[in-house]
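Here is my_file.cif, consisting of mmCIF, C-alpha atoms:
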```cif
data_query
loop_
_atom_site.label_atom_id
_atom_site.label_comp_id
_atom_site.auth_asym_id
_atom_site.auth_seq_id
_atom_site.Cartn_x
_atom_site.Cartn_y
_atom_site.Cartn_z
CA MET A 1 0.00 0.00 0.00
CA ARG A 2 1.08 3.60 -0.55
CA ILE A 3 1.29 5.37 2.81
CA GLY A 4 1.63 9.14 3.13
CA ILE A 5 3.39 10.27 6.30
CA VAL A 6 2.70 13.91 7.08
CA GLY A 7 5.35 15.56 9.25
CA GLY A 8 7.42 12.44 8.68
CA THR A 9 11.02 13.60 9.09
CA GLY A 10 11.11 13.10 12.87
CA LYS A 11 12.00 9.92 14.72
CA GLN A 12 8.42 8.66 14.74
CA GLY A 13 7.61 9.31 11.08
CA SER A 14 10.95 8.02 9.79
CA GLY A 15 10.81 4.97 12.05
CA LEU A 16 7.36 4.11 10.71
CA ALA A 17 8.50 4.74 7.13
CA VAL A 18 11.43 2.33 7.43
CA ARG A 19 9.42 -0.36 9.18
CA TRP A 20 6.50 -0.17 6.71
CA SER A 21 8.89 -0.12 3.78
CA ARG A 22 10.47 -3.34 5.06
CA ALA A 23 6.95 -4.85 5.13
CA GLY A 24 6.53 -4.06 1.42
CA HIS A 25 4.70 -0.72 1.50
CA THR A 26 5.84 2.39 -0.36
CA ILE A 27 6.08 5.68 1.49
CA ALA A 28 5.48 9.32 0.62
CA LEU A 29 7.27 11.23 3.35
CA GLY A 30 6.04 14.77 3.89
CA SER A 31 7.33 17.81 5.72
CA ARG A 32 6.42 21.48 5.94
CA ASP A 33 9.88 21.89 4.38
CA PRO A 34 9.84 19.70 1.25
CA ALA A 35 13.63 19.95 0.77
CA LYS A 36 14.10 18.44 4.24
CA ALA A 37 11.67 15.62 3.44
CA ARG A 38 13.40 14.90 0.12
CA ALA A 39 16.81 14.79 1.81
CA ARG A 40 15.54 12.43 4.54
CA ALA A 41 13.78 10.24 1.95
CA ALA A 42 16.94 10.09 -0.21
CA GLU A 43 18.94 9.04 2.84
CA LEU A 44 16.47 6.25 3.65
CA ALA A 45 16.09 5.25 -0.02
CA GLY A 46 19.89 4.87 -0.10
CA GLU A 47 19.46 2.20 2.57
CA GLY A 48 17.14 0.36 0.19
CA HIS A 49 13.73 1.66 1.28
CA ALA A 50 10.92 2.66 -1.09
CA ILE A 51 10.58 6.16 0.32
CA GLU A 52 10.16 9.48 -1.52
CA GLY A 53 9.92 12.97 -0.04
CA GLY A 54 7.83 16.09 -0.65
CA ASP A 55 5.65 18.62 1.11
CA ASN A 56 2.86 17.59 3.47
CA ALA A 57 -0.04 18.14 1.05
CA TRP A 58 1.83 16.07 -1.56
CA ALA A 59 2.34 13.24 0.97
CA ALA A 60 -1.36 13.35 1.86
CA ARG A 61 -2.34 13.24 -1.83
CA GLU A 62 0.04 10.37 -2.54
CA GLY A 63 -1.03 8.15 0.35
CA GLU A 64 -3.96 5.75 0.23
CA VAL A 65 -3.69 6.01 3.98
CA VAL A 66 -2.40 9.24 5.56
CA VAL A 67 -0.44 9.15 8.81
CA LEU A 68 0.03 12.31 10.82
CA THR A 69 3.18 12.51 12.96
CA VAL A 70 3.58 16.11 14.09
CA PRO A 71 3.99 17.71 17.52
CA TYR A 72 0.68 18.88 18.97
CA GLU A 73 1.62 22.54 18.54
CA ALA A 74 1.64 22.00 14.73
CA HIS A 75 -1.41 19.71 14.74
CA ALA A 76 -4.28 22.03 13.77
CA GLU A 77 -2.25 24.02 11.24
CA THR A 78 -0.93 20.88 9.55
CA LEU A 79 -4.42 19.40 9.35
CA ARG A 80 -5.80 22.58 7.77
CA GLY A 81 -3.11 22.21 5.11
CA ILE A 82 -4.16 18.68 4.11
CA VAL A 83 -7.97 18.80 4.40
CA GLU A 84 -8.48 18.55 0.65
CA ALA A 85 -5.57 16.24 -0.11
CA ALA A 86 -6.71 13.77 2.55
CA ALA A 87 -10.45 14.02 1.82
CA GLY A 88 -12.17 10.65 2.00
CA LYS A 89 -9.03 8.78 3.02
CA VAL A 90 -8.20 7.07 6.27
CA VAL A 91 -6.20 9.47 8.45
CA VAL A 92 -4.13 7.94 11.23
CA ASP A 93 -3.48 10.40 14.03
CA VAL A 94 -0.70 9.49 16.45
CA THR A 95 -0.58 12.94 18.06
CA VAL A 96 -0.35 13.27 21.81
CA PRO A 97 -1.41 16.70 23.09
CA LEU A 98 1.69 17.33 25.18
CA LYS A 99 2.26 20.87 26.36
CA PRO A 100 5.95 21.38 27.22
CA PRO A 101 7.55 21.72 29.65
CA LYS A 102 5.12 19.65 31.77
CA VAL A 103 5.03 16.61 29.51
CA SER A 104 4.58 14.07 32.30
CA ARG A 105 1.32 15.67 33.38
CA VAL A 106 -2.05 15.12 31.69
CA GLN A 107 -3.21 18.37 30.11
CA LEU A 108 -6.34 17.75 28.07
CA PRO A 109 -6.68 19.90 24.96
CA ALA A 110 -9.77 22.03 24.30
CA GLY A 111 -11.38 19.23 22.29
CA GLN A 112 -10.46 16.60 24.95
CA ALA A 113 -8.33 14.66 22.45
CA ALA A 114 -6.15 15.62 19.48
CA ALA A 115 -7.86 12.91 17.41
CA LEU A 116 -11.30 14.37 18.14
CA GLU A 117 -10.01 17.78 17.11
CA ALA A 118 -8.60 16.21 13.92
CA GLN A 119 -11.95 14.60 13.12
CA ALA A 120 -13.70 17.95 13.58
CA LEU A 121 -11.19 19.69 11.29
CA LEU A 122 -11.24 17.04 8.56
CA GLY A 123 -15.00 16.47 8.49
CA ALA A 124 -17.04 13.31 8.83
CA SER A 125 -16.22 11.84 5.41
CA THR A 126 -12.53 11.51 6.31
CA PRO A 127 -12.36 8.88 9.07
CA VAL A 128 -9.73 9.45 11.75
CA VAL A 129 -8.06 6.54 13.51
CA ALA A 130 -6.10 7.22 16.71
CA THR A 131 -3.22 4.89 17.55
CA LEU A 132 0.51 4.42 18.25
CA HIS A 133 0.57 6.78 21.24
CA HIS A 134 2.51 4.36 23.43
CA VAL A 135 5.31 3.07 21.25
CA SER A 136 8.54 4.85 22.13
CA SER A 137 9.84 6.98 19.22
CA THR A 138 13.35 5.93 20.19
CA HIS A 139 12.46 2.26 19.84
CA LEU A 140 10.54 2.96 16.62
CA ALA A 141 13.51 4.75 15.06
CA ASP A 142 15.86 1.84 15.77
CA PRO A 143 14.93 -0.71 13.08
CA SER A 144 16.67 -3.53 14.95
CA HIS A 145 14.69 -2.99 18.16
CA VAL A 146 11.91 -5.52 18.75
CA ILE A 147 9.07 -3.45 20.16
CA GLU A 148 7.45 -4.94 23.24
CA CYS A 149 4.26 -2.92 23.29
CA ASP A 150 0.63 -3.53 22.40
CA VAL A 151 -0.98 -0.89 20.24
CA LEU A 152 -4.46 0.40 20.97
CA VAL A 153 -6.61 1.56 18.06
CA ALA A 154 -9.61 3.87 18.51
CA ALA A 155 -11.93 4.81 15.63
CA ASP A 156 -15.61 5.19 14.84
CA ASP A 157 -15.33 3.86 11.28
CA ALA A 158 -15.04 0.05 11.36
CA ARG A 159 -13.51 -0.25 7.91
CA ALA A 160 -10.86 2.40 8.59
CA LYS A 161 -10.09 0.70 11.90
CA ALA A 162 -9.62 -2.68 10.21
CA THR A 163 -7.31 -1.16 7.57
CA VAL A 164 -5.13 0.41 10.23
CA ILE A 165 -5.06 -2.69 12.42
CA ALA A 166 -3.73 -4.64 9.41
CA LEU A 167 -1.03 -1.99 8.81
CA LEU A 168 0.00 -2.11 12.47
CA ARG A 169 0.32 -5.90 12.29
CA ASP A 170 2.68 -5.37 9.35
CA LEU A 171 4.88 -3.54 11.86
CA GLY A 172 5.00 -6.69 13.98
CA LEU A 173 2.78 -5.19 16.66
CA ARG A 174 -0.26 -6.65 18.39
CA ALA A 175 -2.95 -4.13 17.48
CA LEU A 176 -6.05 -4.10 19.69
CA ASP A 177 -9.46 -2.58 19.02
CA ALA A 178 -9.78 0.03 21.78
CA GLY A 179 -13.28 1.21 20.89
CA PRO A 180 -14.75 4.42 19.48
CA LEU A 181 -12.71 7.50 18.60
CA VAL A 182 -13.71 9.20 21.85
CA ASN A 183 -11.55 6.61 23.63
CA ALA A 184 -8.57 8.47 22.17
CA ILE A 185 -8.95 10.58 25.33
CA ALA A 186 -7.68 7.58 27.30
CA LEU A 187 -5.01 6.61 24.77
CA GLU A 188 -3.53 10.08 24.40
CA SER A 189 -3.61 10.87 28.11
CA LEU A 190 -1.73 7.68 28.98
CA THR A 191 1.40 8.97 27.23
CA PRO A 192 2.28 11.58 29.89
CA VAL A 193 1.99 8.73 32.41
CA LEU A 194 4.48 6.67 30.37
CA ILE A 195 6.81 9.67 30.26
CA HIS A 196 6.52 9.93 34.03
CA LEU A 197 7.27 6.20 34.44
CA ASN A 198 10.32 6.56 32.18
CA ARG A 199 11.62 9.35 34.40
CA VAL A 200 10.93 7.71 37.75
CA TYR A 201 12.16 4.25 36.78
CA LYS A 202 14.93 5.43 34.42
CA SER A 203 13.61 3.69 31.31
CA GLN A 204 14.25 4.63 27.69
CA GLY A 205 10.79 3.62 26.63
CA ALA A 206 8.25 1.96 28.88
CA GLY A 207 5.59 0.13 26.91
CA ILE A 208 2.31 -1.55 27.76
CA VAL A 209 1.11 -5.09 27.30
CA PHE A 210 -2.42 -6.24 28.05
CA THR A 211 -2.82 -9.48 29.97
CA ASP A 212 -5.65 -12.00 29.95
CA LEU A 213 -6.46 -11.25 26.32
CA SER A 214 -6.15 -14.75 24.93
CA GLY A 215 -8.96 -13.92 22.52
CA ALA A 216 -6.84 -11.28 20.79
CA ASP A 217 -4.85 -12.22 17.71
CA GLN A 218 -1.24 -12.71 18.62
CA ARG A 219 1.47 -10.83 16.75
CA MET B 1 -2.52 -0.98 59.66
CA ARG B 2 -6.22 -0.26 60.18
CA ILE B 3 -7.88 0.30 56.82
CA GLY B 4 -11.39 1.72 56.44
CA ILE B 5 -13.17 0.64 53.29
CA VAL B 6 -16.09 2.91 52.46
CA GLY B 7 -18.75 1.29 50.28
CA GLY B 8 -16.95 -1.95 50.91
CA THR B 9 -19.63 -4.63 50.53
CA GLY B 10 -19.20 -5.00 46.75
CA LYS B 11 -16.74 -7.27 44.95
CA GLN B 12 -13.99 -4.68 44.90
CA GLY B 13 -14.23 -3.61 48.55
CA SER B 14 -14.63 -7.14 49.89
CA GLY B 15 -11.84 -8.46 47.68
CA LEU B 16 -9.50 -5.77 48.98
CA ALA B 17 -10.62 -6.44 52.57
CA VAL B 18 -9.83 -10.15 52.34
CA ARG B 19 -6.49 -9.64 50.60
CA TRP B 20 -5.34 -6.93 53.02
CA SER B 21 -6.51 -8.98 55.99
CA ARG B 22 -4.37 -11.88 54.76
CA ALA B 23 -1.41 -9.46 54.68
CA GLY B 24 -1.93 -8.66 58.37
CA HIS B 25 -4.05 -5.51 58.23
CA THR B 26 -7.37 -5.06 60.08
CA ILE B 27 -10.36 -3.81 58.18
CA ALA B 28 -13.32 -1.57 59.00
CA LEU B 29 -15.84 -2.33 56.27
CA GLY B 30 -18.42 0.40 55.67
CA SER B 31 -21.69 0.63 53.82
CA ARG B 32 -24.52 3.11 53.53
CA ASP B 33 -26.47 0.26 55.11
CA PRO B 34 -24.53 -0.69 58.28
CA ALA B 35 -26.49 -3.92 58.78
CA LYS B 36 -25.36 -5.08 55.37
CA ALA B 37 -21.74 -4.19 56.18
CA ARG B 38 -21.93 -6.02 59.51
CA ALA B 39 -23.38 -9.11 57.83
CA ARG B 40 -20.69 -9.12 55.13
CA ALA B 41 -17.97 -8.52 57.73
CA ALA B 42 -19.30 -11.36 59.92
CA GLU B 43 -19.27 -13.67 56.92
CA LEU B 44 -15.65 -12.78 56.12
CA ALA B 45 -14.61 -12.85 59.79
CA GLY B 46 -16.02 -16.38 59.90
CA GLU B 47 -13.43 -17.27 57.27
CA GLY B 48 -10.75 -16.01 59.64
CA HIS B 49 -10.33 -12.42 58.51
CA ALA B 50 -9.95 -9.42 60.83
CA ILE B 51 -12.89 -7.54 59.38
CA GLU B 52 -15.62 -5.60 61.16
CA GLY B 53 -18.60 -3.80 59.66
CA GLY B 54 -20.43 -0.52 60.20
CA ASP B 55 -21.65 2.56 58.40
CA ASN B 56 -19.44 4.52 56.02
CA ALA B 57 -18.62 7.37 58.41
CA TRP B 58 -17.65 4.81 61.06
CA ALA B 59 -15.36 3.03 58.58
CA ALA B 60 -13.76 6.35 57.64
CA ARG B 61 -13.23 7.21 61.32
CA GLU B 62 -11.78 3.79 62.08
CA GLY B 63 -9.30 3.69 59.22
CA GLU B 64 -5.83 5.18 59.34
CA VAL B 65 -6.16 5.01 55.58
CA VAL B 66 -9.60 5.32 53.99
CA VAL B 67 -10.40 3.48 50.76
CA LEU B 68 -13.41 4.50 48.71
CA THR B 69 -15.03 1.76 46.60
CA VAL B 70 -18.39 3.04 45.41
CA PRO B 71 -19.98 3.36 41.97
CA TYR B 72 -19.48 6.81 40.47
CA GLU B 73 -23.18 7.66 40.87
CA ALA B 74 -22.73 7.47 44.67
CA HIS B 75 -19.30 9.12 44.69
CA ALA B 76 -20.04 12.74 45.59
CA GLU B 77 -22.76 11.90 48.12
CA THR B 78 -20.59 9.30 49.85
CA LEU B 79 -17.67 11.72 50.05
CA ARG B 80 -19.87 14.44 51.57
CA GLY B 81 -20.80 11.93 54.28
CA ILE B 82 -17.19 11.25 55.30
CA VAL B 83 -15.54 14.68 54.97
CA GLU B 84 -15.11 15.07 58.73
CA ALA B 85 -14.40 11.43 59.53
CA ALA B 86 -11.67 11.29 56.89
CA ALA B 87 -10.17 14.72 57.58
CA GLY B 88 -6.38 14.71 57.44
CA LYS B 89 -6.18 11.03 56.47
CA VAL B 90 -5.01 9.46 53.25
CA VAL B 91 -8.04 8.75 51.05
CA VAL B 92 -7.61 6.16 48.32
CA ASP B 93 -10.08 6.69 45.49
CA VAL B 94 -10.53 3.76 43.11
CA THR B 95 -13.63 5.20 41.46
CA VAL B 96 -14.01 5.10 37.71
CA PRO B 97 -16.55 7.61 36.39
CA LEU B 98 -18.53 5.12 34.31
CA LYS B 99 -21.92 6.23 33.08
CA PRO B 100 -24.04 3.17 32.25
CA PRO B 101 -25.06 1.87 29.82
CA LYS B 102 -22.10 3.06 27.70
CA VAL B 103 -19.39 1.76 29.99
CA SER B 104 -16.91 0.95 27.25
CA ARG B 105 -16.83 4.57 26.12
CA VAL B 106 -14.80 7.32 27.79
CA GLN B 107 -17.15 9.89 29.32
CA LEU B 108 -15.19 12.40 31.34
CA PRO B 109 -16.96 13.75 34.42
CA ALA B 110 -17.44 17.47 35.02
CA GLY B 111 -14.22 17.64 37.05
CA GLN B 112 -12.31 15.58 34.42
CA ALA B 113 -11.57 12.82 36.98
CA ALA B 114 -13.43 11.39 39.95
CA ALA B 115 -10.27 11.68 42.03
CA LEU B 116 -9.97 15.40 41.26
CA GLU B 117 -13.60 15.83 42.27
CA ALA B 118 -12.88 13.91 45.49
CA GLN B 119 -9.92 16.16 46.27
CA ALA B 120 -12.08 19.23 45.75
CA LEU B 121 -14.80 17.84 48.03
CA LEU B 122 -12.44 16.71 50.81
CA GLY B 123 -10.21 19.79 50.86
CA ALA B 124 -6.45 20.14 50.52
CA SER B 125 -5.56 18.78 53.97
CA THR B 126 -6.96 15.34 53.12
CA PRO B 127 -4.70 13.94 50.40
CA VAL B 128 -6.38 11.84 47.73
CA VAL B 129 -4.55 8.97 46.03
CA ALA B 130 -6.03 7.50 42.84
CA THR B 131 -5.29 3.87 42.06
CA LEU B 132 -6.59 0.33 41.39
CA HIS B 133 -8.68 1.30 38.37
CA HIS B 134 -7.41 -1.56 36.22
CA VAL B 135 -7.57 -4.60 38.46
CA SER B 136 -10.63 -6.65 37.58
CA SER B 137 -13.13 -6.79 40.46
CA THR B 138 -13.82 -10.40 39.55
CA HIS B 139 -10.15 -11.30 39.94
CA LEU B 140 -9.92 -9.22 43.13
CA ALA B 141 -12.87 -11.01 44.68
CA ASP B 142 -11.36 -14.44 44.04
CA PRO B 143 -8.70 -14.74 46.75
CA SER B 144 -6.97 -17.61 44.94
CA HIS B 145 -6.52 -15.66 41.71
CA VAL B 146 -2.99 -14.37 41.12
CA ILE B 147 -3.52 -10.92 39.65
CA GLU B 148 -1.41 -10.21 36.59
CA CYS B 149 -1.75 -6.45 36.49
CA ASP B 150 0.45 -3.50 37.36
CA VAL B 151 -1.17 -0.81 39.46
CA LEU B 152 -0.71 2.86 38.68
CA VAL B 153 -0.78 5.35 41.55
CA ALA B 154 -1.43 9.06 41.06
CA ALA B 155 -1.22 11.59 43.87
CA ASP B 156 0.12 15.04 44.65
CA ASP B 157 1.16 14.23 48.23
CA ALA B 158 4.40 12.23 48.17
CA ARG B 159 3.93 10.78 51.64
CA ALA B 160 0.38 9.64 50.96
CA LYS B 161 1.54 8.12 47.70
CA ALA B 162 4.32 6.17 49.42
CA THR B 163 1.89 4.87 52.06
CA VAL B 164 -0.49 3.61 49.41
CA ILE B 165 2.25 2.09 47.25
CA ALA B 166 3.34 0.06 50.30
CA LEU B 167 -0.25 -1.11 50.90
CA LEU B 168 -0.59 -2.14 47.25
CA ARG B 169 2.61 -4.16 47.46
CA ASP B 170 1.05 -5.97 50.42
CA LEU B 171 -1.58 -7.12 47.92
CA GLY B 172 1.19 -8.71 45.84
CA LEU B 173 0.89 -6.08 43.13
CA ARG B 174 3.59 -4.09 41.40
CA ALA B 175 2.59 -0.52 42.22
CA LEU B 176 4.01 2.21 40.00
CA ASP B 177 4.23 5.94 40.63
CA ALA B 178 2.09 7.40 37.82
CA GLY B 179 2.64 11.06 38.67
CA PRO B 180 0.46 13.86 40.01
CA LEU B 181 -3.23 13.46 40.88
CA VAL B 182 -4.26 15.10 37.60
CA ASN B 183 -2.94 11.97 35.87
CA ALA B 184 -5.97 10.20 37.34
CA ILE B 185 -7.65 11.46 34.15
CA ALA B 186 -5.55 8.92 32.22
CA LEU B 187 -5.94 6.15 34.79
CA GLU B 188 -9.70 6.43 35.12
CA SER B 189 -10.33 6.81 31.41
CA LEU B 190 -8.36 3.67 30.60
CA THR B 191 -10.96 1.51 32.35
CA PRO B 192 -13.66 1.88 29.66
CA VAL B 193 -10.97 0.80 27.18
CA LEU B 194 -10.30 -2.32 29.27
CA ILE B 195 -14.05 -3.02 29.36
CA HIS B 196 -14.10 -2.68 25.58
CA LEU B 197 -11.14 -5.07 25.24
CA ASN B 198 -12.89 -7.58 27.51
CA ARG B 199 -15.93 -7.49 25.26
CA VAL B 200 -14.13 -7.67 21.92
CA TYR B 201 -11.63 -10.34 22.97
CA LYS B 202 -13.96 -12.23 25.33
CA SER B 203 -11.86 -11.83 28.44
CA GLN B 204 -13.01 -11.92 32.06
CA GLY B 205 -10.55 -9.28 33.11
CA ALA B 206 -7.88 -7.82 30.87
CA GLY B 207 -5.04 -6.31 32.86
CA ILE B 208 -2.11 -4.10 32.00
CA VAL B 209 1.60 -4.66 32.48
CA PHE B 210 4.30 -2.11 31.74
CA THR B 211 7.37 -3.28 29.85
CA ASP B 212 10.92 -1.94 29.88
CA LEU B 213 10.62 -0.82 33.49
CA SER B 214 13.57 -2.68 34.91
CA GLY B 215 14.10 0.23 37.29
CA ALA B 216 10.76 -0.43 38.99
CA ASP B 217 10.63 -2.60 42.08
CA GLN B 218 9.43 -6.03 41.19
CA ARG B 219 6.51 -7.58 43.04
#
```
Take the structure in the file and give it back as structure tokens.
Amino acid sequence: MRIGIVGGTGKQGSGLAVRWSRAGHTIALGSRDPAKARARAAELAGEGHAIEGGDNAWAAREGEVVVLTVPYEAHAETLRGIVEAAAGKVVVDVTVPLKPPKVSRVQLPAGQAAALEAQALLGASTPVVATLHHVSSTHLADPSHVIECDVLVAADDARAKATVIALLRDLGLRALDAGPLVNAIALESLTPVLIHLNRVYKSQGAGIVFTDLSGADQR
Amino acid sequence: MRIGIVGGTGKQGSGLAVRWSRAGHTIALGSRDPAKARARAAELAGEGHAIEGGDNAWAAREGEVVVLTVPYEAHAETLRGIVEAAAGKVVVDVTVPLKPPKVSRVQLPAGQAAALEAQALLGASTPVVATLHHVSSTHLADPSHVIECDVLVAADDARAKATVIALLRDLGLRALDAGPLVNAIALESLTPVLIHLNRVYKSQGAGIVFTDLSGADQR
């Protein structure tokens, strides 16, 4: 599948690009600065990955599925820039509404969740899927690291949710149906708690695994 | 230690009472209906546990630490009834603000978290500690069940938090410092997600375990 990654030059976007490319997908890597995205894509393509770069609207147009990996402060503006390019597609929002410097403290955004704000901005015909809030960017960016973390997926649109769950399994992750999009409130607000755990217990990337879920598909 | 359990005749309160009693604590089990609490306490005492029953204000007065296990609909009213009895003590709030029938959907309360509402009702000199939102009541109530679930603990008062973490370890649980009380928003809102997972994957009680936390004390 062709996946557009908007704001994809950071650790999270590039880590996803490399891992999806290894699974046979092709990637359109976007950035506000298209030269930066092209340089990053060329670097990754040199390592053998099917990754091209361009601006964010281009990445959103190119992707059959559009993945948004931007800091919360750029969230609304970035979304406004891709409304038309992403129209009708599945948009995967991995944004956590952190407000530095207090990133280990839950601070709910005005719309209660970034993903709910994204859905409001994009309109009902562009289904938003919230996921990947708990996988450490550091672990994601290291292609040799085996990620020990379940992934929760919240969405209202069942078809969009199934598409994204399949893409997450291609990353080698156990992807779990976490309910309707409003449950992104829980998913996003757990990330400051993970940041706090990392600080207190000196971890590089605490993850979460759900127990007693024998009914869930294994990785 | 003497532990008062307010609203303690349900699965969660009774399960905690039995497990803490086994660890050497004595329990004052409270209910809105003191006769019911006395009957339940007598039943458990008959099995060899140091558990007495009475009304909720009595349980709050008796306990050095006060644990609140009531449904959210009774939360504010129950707290108003124990403000004086619990004054200055550590109050452990395990309440999840579920609003039936949609219990697998995050529905934030007016104060964003039940524990924040409890803190506002009790006043600053009575520190609230939020925890135990993710341990299945069914598992808790079965004394033979080994619970495979980490426990997150959110509080502003460091001393109260340490007291409660020690009590949770007495239950055989790995208790983790989850940050300030405001992080109860994340803890409480994760429970509807667990309920959703239980439904989708046909589990009796999905739990949560944090990975890559080698710095945390093991059980």
Evaluate the PyMOL selection byres ((chain B) within 6 of (chain A)) and report residues as an MDAnalysis selection string:
chainID B and resid 106 178 183 186 189:190 193 201:203 206:213 215:216
Pick out the closest residue to A:Ser144 from this set: A:Met1, A:Leu68, A:Ala76, A:Val18. Count all atoms listed in the file.
A:Val18
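Contact shell of B:Ala28 at 7 Å (all atoms listed in the file; same-chain neighbours under 4 positions omitted): Ile3, Gly4, Ile5, Ile51, Glu52, Gly53, Ala59, Glu62 and Gly63 of chain B.
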Written as a ChimeraX atom specification, what is the full residue list that the PyMOL selection byres ((chain B and resi 8) around 7) yields on the file shown?
/B:5-7,9-10,13-14,29-31,69
Rounded to one decimal place, report the atom CA of B:Ala141-atom CA of B:Leu122 distance in Å.
28.4 Å
Write out as number ranges by chain the residues lying within 10 Å of B:Glu73, counting all atoms listed in the file and excluding same-chain residues fewer than 6 positions away.
B: 95, 97-100
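Put simply, atom CA of B:Thr126 is 4.4 Å away from atom CA of B:Gly88.
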To verify the selection step, state as an MDAnalysis selection string which residues the PyMOL selection byres ((chain A and resi 168-170) around 9) yields on this input.
chainID A and resid 19:20 23:24 132 151 163:167 171:175 219
Which residues, written as a list in words, have at least one atom at most 9 Å from A:Val90, with only C-alpha atoms counted and residues fewer than 4 positions away on the same chain left out?
Glu64, Val65, Val66, Val67, Ala86, Thr126, Pro127, Val128, Val129, Ala160, Lys161, Thr163 and Val164 of chain A
Spatial neighbours of A:Ala85, max dist 6 Å, only C-alpha atoms, sep filter under 3 positions, as a PDB file with C-alpha atoms, in the frame of the given file:
```
ATOM      1  CA  ALA A  57      -0.040  18.140   1.050  1.00  0.00           C
ATOM      2  CA  ALA A  60      -1.360  13.350   1.860  1.00  0.00           C
ATOM      3  CA  ARG A  61      -2.340  13.240  -1.830  1.00  0.00           C
ATOM      4  CA  ILE A  82      -4.160  18.680   4.110  1.00  0.00           C
TER       5      ILE A  82
END
```
At what distance in Å, to one decimal, does atom CA of A:Ala115 lie from atom CA of A:Asp93?
6.1 Å
Exercise on stretch 65-84 of chain A, axis-aligned box with 3 Å per side, report centre and edge lengths in Å to one decimal, as lines of an AutoDock Vina configuration file:
```
center_x = -2.2
center_y = 15.0
center_z = 9.8
size_x = 18.5
size_y = 24.0
size_z = 24.3
```
Name the residues within 10 Å of (-5.0, 21.2, 15.5), counting all atoms listed in the file in the file's coordinates, and put them as number ranges by chain.
A: 71-80, 95, 97, 109, 111, 114-121
Would you save the residues of that selection, restricted to C-alpha atoms, as a PDB file, in the frame of the given file?
```
ATOM      1  CA  PRO A  71       3.990  17.710  17.520  1.00  0.00           C
ATOM      2  CA  TYR A  72       0.680  18.880  18.970  1.00  0.00           C
ATOM      3  CA  GLU A  73       1.620  22.540  18.540  1.00  0.00           C
ATOM      4  CA  ALA A  74       1.640  22.000  14.730  1.00  0.00           C
ATOM      5  CA  HIS A  75      -1.410  19.710  14.740  1.00  0.00           C
ATOM      6  CA  ALA A  76      -4.280  22.030  13.770  1.00  0.00           C
ATOM      7  CA  GLU A  77      -2.250  24.020  11.240  1.00  0.00           C
ATOM      8  CA  THR A  78      -0.930  20.880   9.550  1.00  0.00           C
ATOM      9  CA  LEU A  79      -4.420  19.400   9.350  1.00  0.00           C
ATOM     10  CA  ARG A  80      -5.800  22.580   7.770  1.00  0.00           C
ATOM     11  CA  THR A  95      -0.580  12.940  18.060  1.00  0.00           C
ATOM     12  CA  PRO A  97      -1.410  16.700  23.090  1.00  0.00           C
ATOM     13  CA  PRO A 109      -6.680  19.900  24.960  1.00  0.00           C
ATOM     14  CA  GLY A 111     -11.380  19.230  22.290  1.00  0.00           C
ATOM     15  CA  ALA A 114      -6.150  15.620  19.480  1.00  0.00           C
ATOM     16  CA  ALA A 115      -7.860  12.910  17.410  1.00  0.00           C
ATOM     17  CA  LEU A 116     -11.300  14.370  18.140  1.00  0.00           C
ATOM     18  CA  GLU A 117     -10.010  17.780  17.110  1.00  0.00           C
ATOM     19  CA  ALA A 118      -8.600  16.210  13.920  1.00  0.00           C
ATOM     20  CA  GLN A 119     -11.950  14.600  13.120  1.00  0.00           C
ATOM     21  CA  ALA A 120     -13.700  17.950  13.580  1.00  0.00           C
ATOM     22  CA  LEU A 121     -11.190  19.690  11.290  1.00  0.00           C
TER      23      LEU A 121
END
```
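At a cut-off of 12 Å from (-12.0, -17.1, 55.7), the residue set is B:Ser14, B:Gly15, B:Ala17, B:Val18, B:Arg19, B:Ser21, B:Arg22, B:Arg40, B:Ala41, B:Ala42, B:Glu43, B:Leu44, B:Ala45, B:Gly46, B:Glu47, B:Gly48, B:His49, B:Ala50, B:Ile51, B:Asp142, B:Pro143, B:Ser144 (counting all atoms listed in the file).
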